[in-house]
file entry.pdb (PDB, C-alpha atoms)
ATOM      1  CA  MET U1145     249.248 -87.298 128.978
ATOM      2  CA  LYS U1146     250.445 -90.057 126.676
ATOM      3  CA  ARG U1147     249.306 -93.586 127.527
ATOM      4  CA  PRO U1148     251.762 -96.453 126.970
ATOM      5  CA  ASP U1149     249.193 -98.423 124.959
ATOM      6  CA  TYR U1150     248.204 -95.429 122.814
ATOM      7  CA  ASN U1151     250.357 -95.236 119.674
ATOM      8  CA  LEU U1152     248.958 -92.566 117.363
ATOM      9  CA  LYS U1153     250.148 -92.010 113.815
ATOM     10  CA  ILE U1154     248.975 -89.070 111.720
ATOM     11  CA  VAL U1155     248.382 -89.048 107.960
ATOM     12  CA  LEU U1156     248.409 -85.476 106.669
ATOM     13  CA  LEU U1157     246.868 -85.612 103.211
ATOM     14  CA  ALA U1158     248.711 -83.510 100.629
ATOM     15  CA  ALA U1159     248.311 -85.713  97.576
ATOM     16  CA  GLY U1160     245.527 -83.899  95.724
ATOM     17  CA  LYS U1161     245.803 -82.805  92.109
ATOM     18  CA  SER U1162     244.747 -79.215  92.976
ATOM     19  CA  GLU U1163     242.682 -79.012  89.792
ATOM     20  CA  ARG U1164     240.248 -76.444  91.199
ATOM     21  CA  PHE U1165     243.043 -74.377  92.698
ATOM     22  CA  ASN U1166     244.952 -73.856  89.446
ATOM     23  CA  GLY U1167     248.307 -74.310  91.155
ATOM     24  CA  ILE U1168     249.943 -76.436  93.841
ATOM     25  CA  LYS U1169     247.476 -75.755  96.621
ATOM     26  CA  VAL U1170     249.419 -77.118  99.590
ATOM     27  CA  LEU U1171     252.384 -74.918  98.625
ATOM     28  CA  ALA U1172     250.271 -71.766  98.418
ATOM     29  CA  LYS U1173     251.304 -69.087 100.907
ATOM     30  CA  VAL U1174     249.158 -67.759 103.726
ATOM     31  CA  GLN U1175     250.082 -64.791 105.852
ATOM     32  CA  ARG U1176     251.636 -65.468 109.240
ATOM     33  CA  GLN U1177     252.285 -62.324 111.239
ATOM     34  CA  GLU U1178     255.174 -60.582 109.447
ATOM     35  CA  THR U1179     255.955 -63.438 107.067
ATOM     36  CA  SER U1180     254.134 -66.008 104.947
ATOM     37  CA  ILE U1181     254.066 -69.776 105.169
ATOM     38  CA  THR U1182     252.702 -72.544 102.958
ATOM     39  CA  LEU U1183     249.467 -74.298 103.829
ATOM     40  CA  LEU U1184     251.406 -77.530 104.299
ATOM     41  CA  GLU U1185     253.995 -75.995 106.622
ATOM     42  CA  HIS U1186     251.239 -74.376 108.670
ATOM     43  CA  ALA U1187     249.440 -77.714 109.119
ATOM     44  CA  LEU U1188     252.690 -79.446 110.080
ATOM     45  CA  GLN U1189     253.603 -76.778 112.608
ATOM     46  CA  GLN U1190     250.194 -76.849 114.279
ATOM     47  CA  LEU U1191     250.211 -80.653 114.430
ATOM     48  CA  SER U1192     253.729 -80.653 115.870
ATOM     49  CA  LEU U1193     252.735 -78.135 118.542
ATOM     50  CA  ALA U1194     249.741 -80.258 119.496
ATOM     51  CA  LEU U1195     251.831 -83.408 119.773
ATOM     52  CA  LYS U1196     254.460 -81.626 121.835
ATOM     53  CA  THR U1197     251.884 -80.565 124.434
ATOM     54  CA  LEU U1198     250.763 -84.205 124.690
ATOM     55  CA  ASN U1199     254.293 -85.635 124.864
ATOM     56  CA  ILE U1200     253.892 -87.442 121.524
ATOM     57  CA  SER U1201     256.761 -87.417 119.035
ATOM     58  CA  ASN U1202     256.296 -85.380 115.859
ATOM     59  CA  LYS U1203     257.992 -88.310 114.100
ATOM     60  CA  ASN U1204     254.523 -89.856 114.187
ATOM     61  CA  ILE U1205     253.393 -87.555 111.355
ATOM     62  CA  ARG U1206     253.499 -88.715 107.744
ATOM     63  CA  VAL U1207     252.641 -86.497 104.773
ATOM     64  CA  ALA U1208     250.862 -88.373 101.986
ATOM     65  CA  THR U1209     251.973 -86.996  98.620
ATOM     66  CA  GLY U1210     251.006 -87.624  95.020
ATOM     67  CA  ARG U1211     251.452 -85.625  91.841
ATOM     68  CA  TYR U1212     253.496 -82.908  93.534
ATOM     69  CA  HIS U1213     255.750 -85.145  95.593
ATOM     70  CA  GLN U1214     258.954 -83.682  94.171
ATOM     71  CA  GLN U1215     257.945 -80.071  94.864
ATOM     72  CA  ILE U1216     256.868 -80.956  98.414
ATOM     73  CA  ASN U1217     260.086 -82.880  98.958
ATOM     74  CA  GLU U1218     262.104 -79.829  97.901
ATOM     75  CA  LEU U1219     260.204 -77.669 100.385
ATOM     76  CA  LEU U1220     260.388 -79.968 103.411
ATOM     77  CA  ASP U1221     263.663 -81.760 102.671
ATOM     78  CA  ASP U1222     262.781 -84.648 104.967
ATOM     79  CA  PRO U1223     262.305 -87.948 103.110
ATOM     80  CA  ASP U1224     261.293 -89.744 106.325
ATOM     81  CA  LEU U1225     258.319 -87.405 106.658
ATOM     82  CA  LEU U1226     256.910 -88.065 103.194
ATOM     83  CA  ASP U1227     254.904 -91.014 101.943
ATOM     84  CA  TYR U1228     254.541 -91.016  98.171
ATOM     85  CA  CYS U1229     251.278 -92.624  97.056
ATOM     86  CA  GLU U1230     251.510 -93.632  93.424
ATOM     87  CA  ALA U1231     247.781 -94.441  93.424
ATOM     88  CA  ALA U1232     246.845 -90.903  94.553
ATOM     89  CA  HIS U1233     245.638 -89.982  91.060
ATOM     90  CA  LEU U1234     242.850 -92.553  91.477
ATOM     91  CA  GLY U1235     241.261 -90.556  94.295
ATOM     92  CA  LEU U1236     241.283 -89.749  97.990
ATOM     93  CA  GLY U1237     240.223 -93.235  99.020
ATOM     94  CA  HIS U1238     243.203 -94.795  97.264
ATOM     95  CA  THR U1239     245.542 -92.281  98.923
ATOM     96  CA  ILE U1240     244.237 -93.035 102.409
ATOM     97  CA  ALA U1241     244.335 -96.777 101.796
ATOM     98  CA  GLN U1242     247.897 -96.747 100.545
ATOM     99  CA  SER U1243     249.054 -94.456 103.370
ATOM    100  CA  VAL U1244     247.472 -96.688 105.997
ATOM    101  CA  ASN U1245     248.941 -99.826 104.452
ATOM    102  CA  ASN U1246     252.381 -98.209 104.345
ATOM    103  CA  LEU U1247     252.121 -97.201 108.004
ATOM    104  CA  LEU U1248     251.096-100.689 109.059
ATOM    105  CA  ASP U1249     253.904-102.244 107.044
ATOM    106  CA  ASP U1250     256.388-100.060 108.935
ATOM    107  CA  ASN U1251     254.879-100.390 112.411
ATOM    108  CA  LYS U1252     252.642-103.186 113.660
ATOM    109  CA  CYS U1253     252.082-101.546 117.058
ATOM    110  CA  ILE U1254     249.930 -98.629 115.896
ATOM    111  CA  SER U1255     246.754 -98.252 117.945
ATOM    112  CA  HIS U1256     245.209 -95.175 116.273
ATOM    113  CA  ILE U1257     245.496 -93.247 113.013
ATOM    114  CA  MET U1258     244.443 -89.648 112.515
ATOM    115  CA  ILE U1259     243.458 -88.584 109.008
ATOM    116  CA  THR U1260     243.677 -84.836 108.418
ATOM    117  CA  LEU U1261     243.921 -82.449 105.468
ATOM    118  CA  ALA U1262     246.687 -79.986 104.655
ATOM    119  CA  ASP U1263     244.222 -77.417 103.312
ATOM    120  CA  GLN U1264     242.208 -76.965 106.543
ATOM    121  CA  VAL U1265     243.836 -73.601 107.057
ATOM    122  CA  ALA U1266     241.952 -72.545 110.189
ATOM    123  CA  LEU U1267     242.858 -75.534 112.344
ATOM    124  CA  SER U1268     245.123 -74.728 115.273
ATOM    125  CA  ALA U1269     247.274 -76.776 117.618
ATOM    126  CA  ASP U1270     244.483 -76.482 120.193
ATOM    127  CA  ASP U1271     241.990 -77.999 117.751
ATOM    128  CA  TYR U1272     244.229 -80.991 117.098
ATOM    129  CA  SER U1273     244.961 -81.340 120.819
ATOM    130  CA  VAL U1274     241.325 -81.480 121.848
ATOM    131  CA  LEU U1275     240.670 -84.286 119.349
ATOM    132  CA  ILE U1276     243.643 -86.312 120.521
ATOM    133  CA  LYS U1277     242.691 -85.784 124.172
ATOM    134  CA  GLN U1278     239.189 -87.049 123.417
ATOM    135  CA  SER U1279     240.668 -90.108 121.730
ATOM    136  CA  LEU U1280     242.998 -90.720 124.677
ATOM    137  CA  ALA U1281     240.015 -90.537 127.038
ATOM    138  CA  LEU U1282     237.864 -92.823 124.862
ATOM    139  CA  PRO U1283     240.368 -95.000 122.977
ATOM    140  CA  ASP U1284     237.769 -97.427 121.633
ATOM    141  CA  LYS U1285     235.751 -94.655 119.992
ATOM    142  CA  LEU U1286     236.025 -93.096 116.578
ATOM    143  CA  VAL U1287     236.678 -89.395 117.145
ATOM    144  CA  CYS U1288     236.142 -86.620 114.600
ATOM    145  CA  ALA U1289     235.483 -82.922 114.277
ATOM    146  CA  LYS U1290     231.956 -81.647 113.822
ATOM    147  CA  ALA U1291     231.054 -78.311 112.263
ATOM    148  CA  GLY U1292     227.343 -77.591 112.467
ATOM    149  CA  GLU U1293     225.735 -80.928 111.671
ATOM    150  CA  GLU U1294     228.555 -82.064 109.397
ATOM    151  CA  LEU U1295     231.134 -84.684 110.348
ATOM    152  CA  MET U1296     234.541 -83.414 109.317
ATOM    153  CA  PRO U1297     238.200 -84.290 109.368
ATOM    154  CA  PRO U1298     240.409 -84.480 111.321
ATOM    155  CA  ALA U1299     239.240 -87.926 112.379
ATOM    156  CA  ILE U1300     240.959 -90.487 114.601
ATOM    157  CA  PHE U1301     240.400 -94.176 113.916
ATOM    158  CA  PRO U1302     241.167 -96.947 116.432
ATOM    159  CA  CYS U1303     242.798-100.107 115.072
ATOM    160  CA  THR U1304     239.379-101.770 114.748
ATOM    161  CA  TYR U1305     238.854 -99.679 111.608
ATOM    162  CA  PHE U1306     242.272-100.041 109.986
ATOM    163  CA  THR U1307     241.077-102.782 107.617
ATOM    164  CA  GLU U1308     238.274-100.547 106.334
ATOM    165  CA  LEU U1309     240.681 -97.627 105.882
ATOM    166  CA  ALA U1310     243.107 -99.858 104.006
ATOM    167  CA  GLN U1311     240.380-100.900 101.576
ATOM    168  CA  LEU U1312     239.101 -97.451 100.599
ATOM    169  CA  LYS U1313     238.971 -96.690  96.892
ATOM    170  CA  GLY U1314     238.069 -93.931  94.463
ATOM    171  CA  ASP U1315     237.213 -90.358  95.354
ATOM    172  CA  LYS U1316     235.391 -91.134  98.592
ATOM    173  CA  GLY U1317     237.447 -90.607 101.702
ATOM    174  CA  ALA U1318     236.901 -92.010 105.181
ATOM    175  CA  LYS U1319     233.624 -90.203 105.972
ATOM    176  CA  PRO U1320     231.443 -93.255 105.171
ATOM    177  CA  ILE U1321     233.202 -95.135 107.984
ATOM    178  CA  LEU U1322     232.221 -92.358 110.396
ATOM    179  CA  TYR U1323     228.599 -92.206 109.243
ATOM    180  CA  ASN U1324     228.253 -96.010 109.254
ATOM    181  CA  ASN U1325     229.454 -96.220 112.851
ATOM    182  CA  LYS U1326     227.677 -93.320 114.536
ATOM    183  CA  ASP U1327     226.949 -95.448 117.589
ATOM    184  CA  LYS U1328     230.715 -95.739 118.136
ATOM    185  CA  LEU U1329     231.529 -92.147 117.240
ATOM    186  CA  GLN U1330     232.521 -89.291 119.536
ATOM    187  CA  THR U1331     232.389 -85.871 117.900
ATOM    188  CA  VAL U1332     234.147 -82.696 118.979
ATOM    189  CA  SER U1333     232.696 -79.337 117.977
ATOM    190  CA  ILE U1334     235.406 -77.553 115.967
ATOM    191  CA  ALA U1335     234.071 -74.726 113.809
ATOM    192  CA  HIS U1336     237.546 -74.217 112.303
ATOM    193  CA  ALA U1337     237.305 -77.616 110.594
ATOM    194  CA  GLU U1338     234.747 -76.207 108.169
ATOM    195  CA  LYS U1339     237.225 -73.821 106.530
ATOM    196  CA  ASP U1340     239.369 -75.264 103.786
ATOM    197  CA  ILE U1341     241.010 -73.925 100.664
ATOM    198  CA  ASP U1342     239.824 -75.300  97.319
ATOM    199  CA  THR U1343     240.302 -72.365  94.946
ATOM    200  CA  GLN U1344     242.390 -69.240  94.542
ATOM    201  CA  GLN U1345     239.268 -67.274  95.524
ATOM    202  CA  ASP U1346     239.064 -69.214  98.795
ATOM    203  CA  LEU U1347     242.624 -68.170  99.565
ATOM    204  CA  LEU U1348     241.871 -64.546  98.688
ATOM    205  CA  ASP U1349     238.751 -64.595 100.864
ATOM    206  CA  TRP U1350     240.781 -66.025 103.739
ATOM    207  CA  HIS U1351     243.136 -63.079 103.635
ATOM    208  CA  ASN U1352     240.461 -60.469 102.951
ATOM    209  CA  HIS U1353     238.411 -61.480 105.978
ATOM    210  CA  ASN U1354     241.337 -61.026 108.333
ATOM    211  CA  TYR U1355     241.828 -64.737 108.805
ATOM    212  CA  GLY U1356     245.338 -64.500 107.422
ATOM    213  CA  VAL U1357     247.257 -63.817 110.617
ATOM    214  CA  LEU U1358     247.802 -67.365 111.876
TER
END
call {"tool": "encode", "arguments": {"input": "entry.pdb", "output": "structure tokens"}}
result
Amino acid sequence: MKRPDYNLKIVLLAAGKSERFNGIKVLAKVQRQETSITLLEHALQQLSLALKTLNISNKNIRVATGRYHQQINELLDDPDLLDYCEAAHLGLGHTIAQSVNNLLDDNKCISHIMITLADQVALSADDYSVLIKQSLALPDKLVCAKAGEELMPPAIFPCTYFTELAQLKGDKGAKPILYNNKDKLQTVSIAHAEKDIDTQQDLLDWHNHNYGVL
């Protein structure tokens, strides 16, 4: 499925301060069959499964960290996977910008970058796969999830938009780029993209409504 001119890198955002969660959100446990797994591990596993089905290396994933870099590093024990963003405390835009700049410094041949969130607990490998397949089919298009009428991450940005990503600042993420370029945007209906975890109550609700078996 992979095209020789399609070089996708993935930024999995795990740099938030978790202020509303009252704990380290991405390290919170969700139920997985007979065991439990952290939100971050779940996202990584689903992304890796998606990439495997498309013959793309899981080495193309980078986890953007911030305040809780050390705790995440202890969990994953893979320094090559992590990208510490010292500007993460300034907001999501700064985190994305620094992550993109770091990727481009390491690899000049990147054609596309996916931005996705570690707390989108409902996303599956199939959800990630369908987005990447759409991007492969329409490589010049922005591609993102859509839930209802809302544009959502994950979103895949062709290289045309790397400069804009690298200049993001403050608390605003990459959504303005999507809304400002609707004529060049391809959406994929993914209801699962709407579900994320912001608070302890969100996590409790996830389990109580039988969403917990991943």
call {"tool": "atom_distance", "arguments": {"input": "entry.pdb", "atom1": "CA of Lys1161 (chain U)", "atom2": "CA of Ala1232 (chain U)"}}
result
8.5 Å
call {"tool": "resolve_selection", "arguments": {"input": "entry.pdb", "expression": "the PyMOL selection byres ((chain U and resi 1193) around 9)", "output": "list of chain:residue names"}}
result
U:Leu1188, U:Gln1189, U:Gln1190, U:Leu1191, U:Ser1192, U:Ala1194, U:Leu1195, U:Lys1196, U:Thr1197, U:Leu1198, U:Asn1202, U:Ser1268, U:Ala1269, U:Asp1270, U:Ser1273
call {"tool": "write_last_selection", "arguments": {"input": "entry.pdb", "atoms": "C-alpha atoms", "output": "mmCIF file, in the coordinates of the input"}}
result
data_model
loop_
_atom_site.group_PDB
_atom_site.id
_atom_site.type_symbol
_atom_site.label_atom_id
_atom_site.label_comp_id
_atom_site.auth_asym_id
_atom_site.auth_seq_id
_atom_site.Cartn_x
_atom_site.Cartn_y
_atom_site.Cartn_z
ATOM 1 C CA LEU U 1188 252.690 -79.446 110.080
ATOM 2 C CA GLN U 1189 253.603 -76.778 112.608
ATOM 3 C CA GLN U 1190 250.194 -76.849 114.279
ATOM 4 C CA LEU U 1191 250.211 -80.653 114.430
ATOM 5 C CA SER U 1192 253.729 -80.653 115.870
ATOM 6 C CA ALA U 1194 249.741 -80.258 119.496
ATOM 7 C CA LEU U 1195 251.831 -83.408 119.773
ATOM 8 C CA LYS U 1196 254.460 -81.626 121.835
ATOM 9 C CA THR U 1197 251.884 -80.565 124.434
ATOM 10 C CA LEU U 1198 250.763 -84.205 124.690
ATOM 11 C CA ASN U 1202 256.296 -85.380 115.859
ATOM 12 C CA SER U 1268 245.123 -74.728 115.273
ATOM 13 C CA ALA U 1269 247.274 -76.776 117.618
ATOM 14 C CA ASP U 1270 244.483 -76.482 120.193
ATOM 15 C CA SER U 1273 244.961 -81.340 120.819
#
call {"tool": "closest_residue", "arguments": {"input": "entry.pdb", "among": "U:Gln1214, U:Thr1209, U:Gln1242, U:Asn1151", "to": "Gly1314 (chain U)", "atoms": "all atoms listed in the file"}}
result
U:Gln1242
call {"tool": "closest_residue", "arguments": {"input": "entry.pdb", "among": "U:Ile1341, U:Ile1254, U:Cys1303, U:Ile1334", "to": "Ala1289 (chain U)", "atoms": "all atoms listed in the file"}}
result
U:Ile1334
call {"tool": "atom_distance", "arguments": {"input": "entry.pdb", "atom1": "CA of Lys1326 (chain U)", "atom2": "CA of Tyr1272 (chain U)"}}
result
20.8 Å
call {"tool": "closest_residue", "arguments": {"input": "entry.pdb", "among": "U:Leu1236, U:Leu1347, U:Ile1259, U:Cys1253", "to": "Leu1183 (chain U)", "atoms": "all atoms listed in the file"}}
result
U:Leu1347
call {"tool": "closest_residue", "arguments": {"input": "entry.pdb", "among": "U:Ser1162, U:Thr1239, U:Thr1260, U:Gln1330", "to": "Asp1342 (chain U)", "atoms": "only C-alpha atoms"}}
result
U:Ser1162
call {"tool": "axis_aligned_box", "arguments": {"input": "entry.pdb", "around": "region 1328-1336 of chain U", "padding_each_side": "6 Å", "output": "JSON"}}
result
{"center_x": 234.1, "center_y": -85.0, "center_z": 115.9, "size_x": 18.8, "size_y": 33.5, "size_z": 19.2}
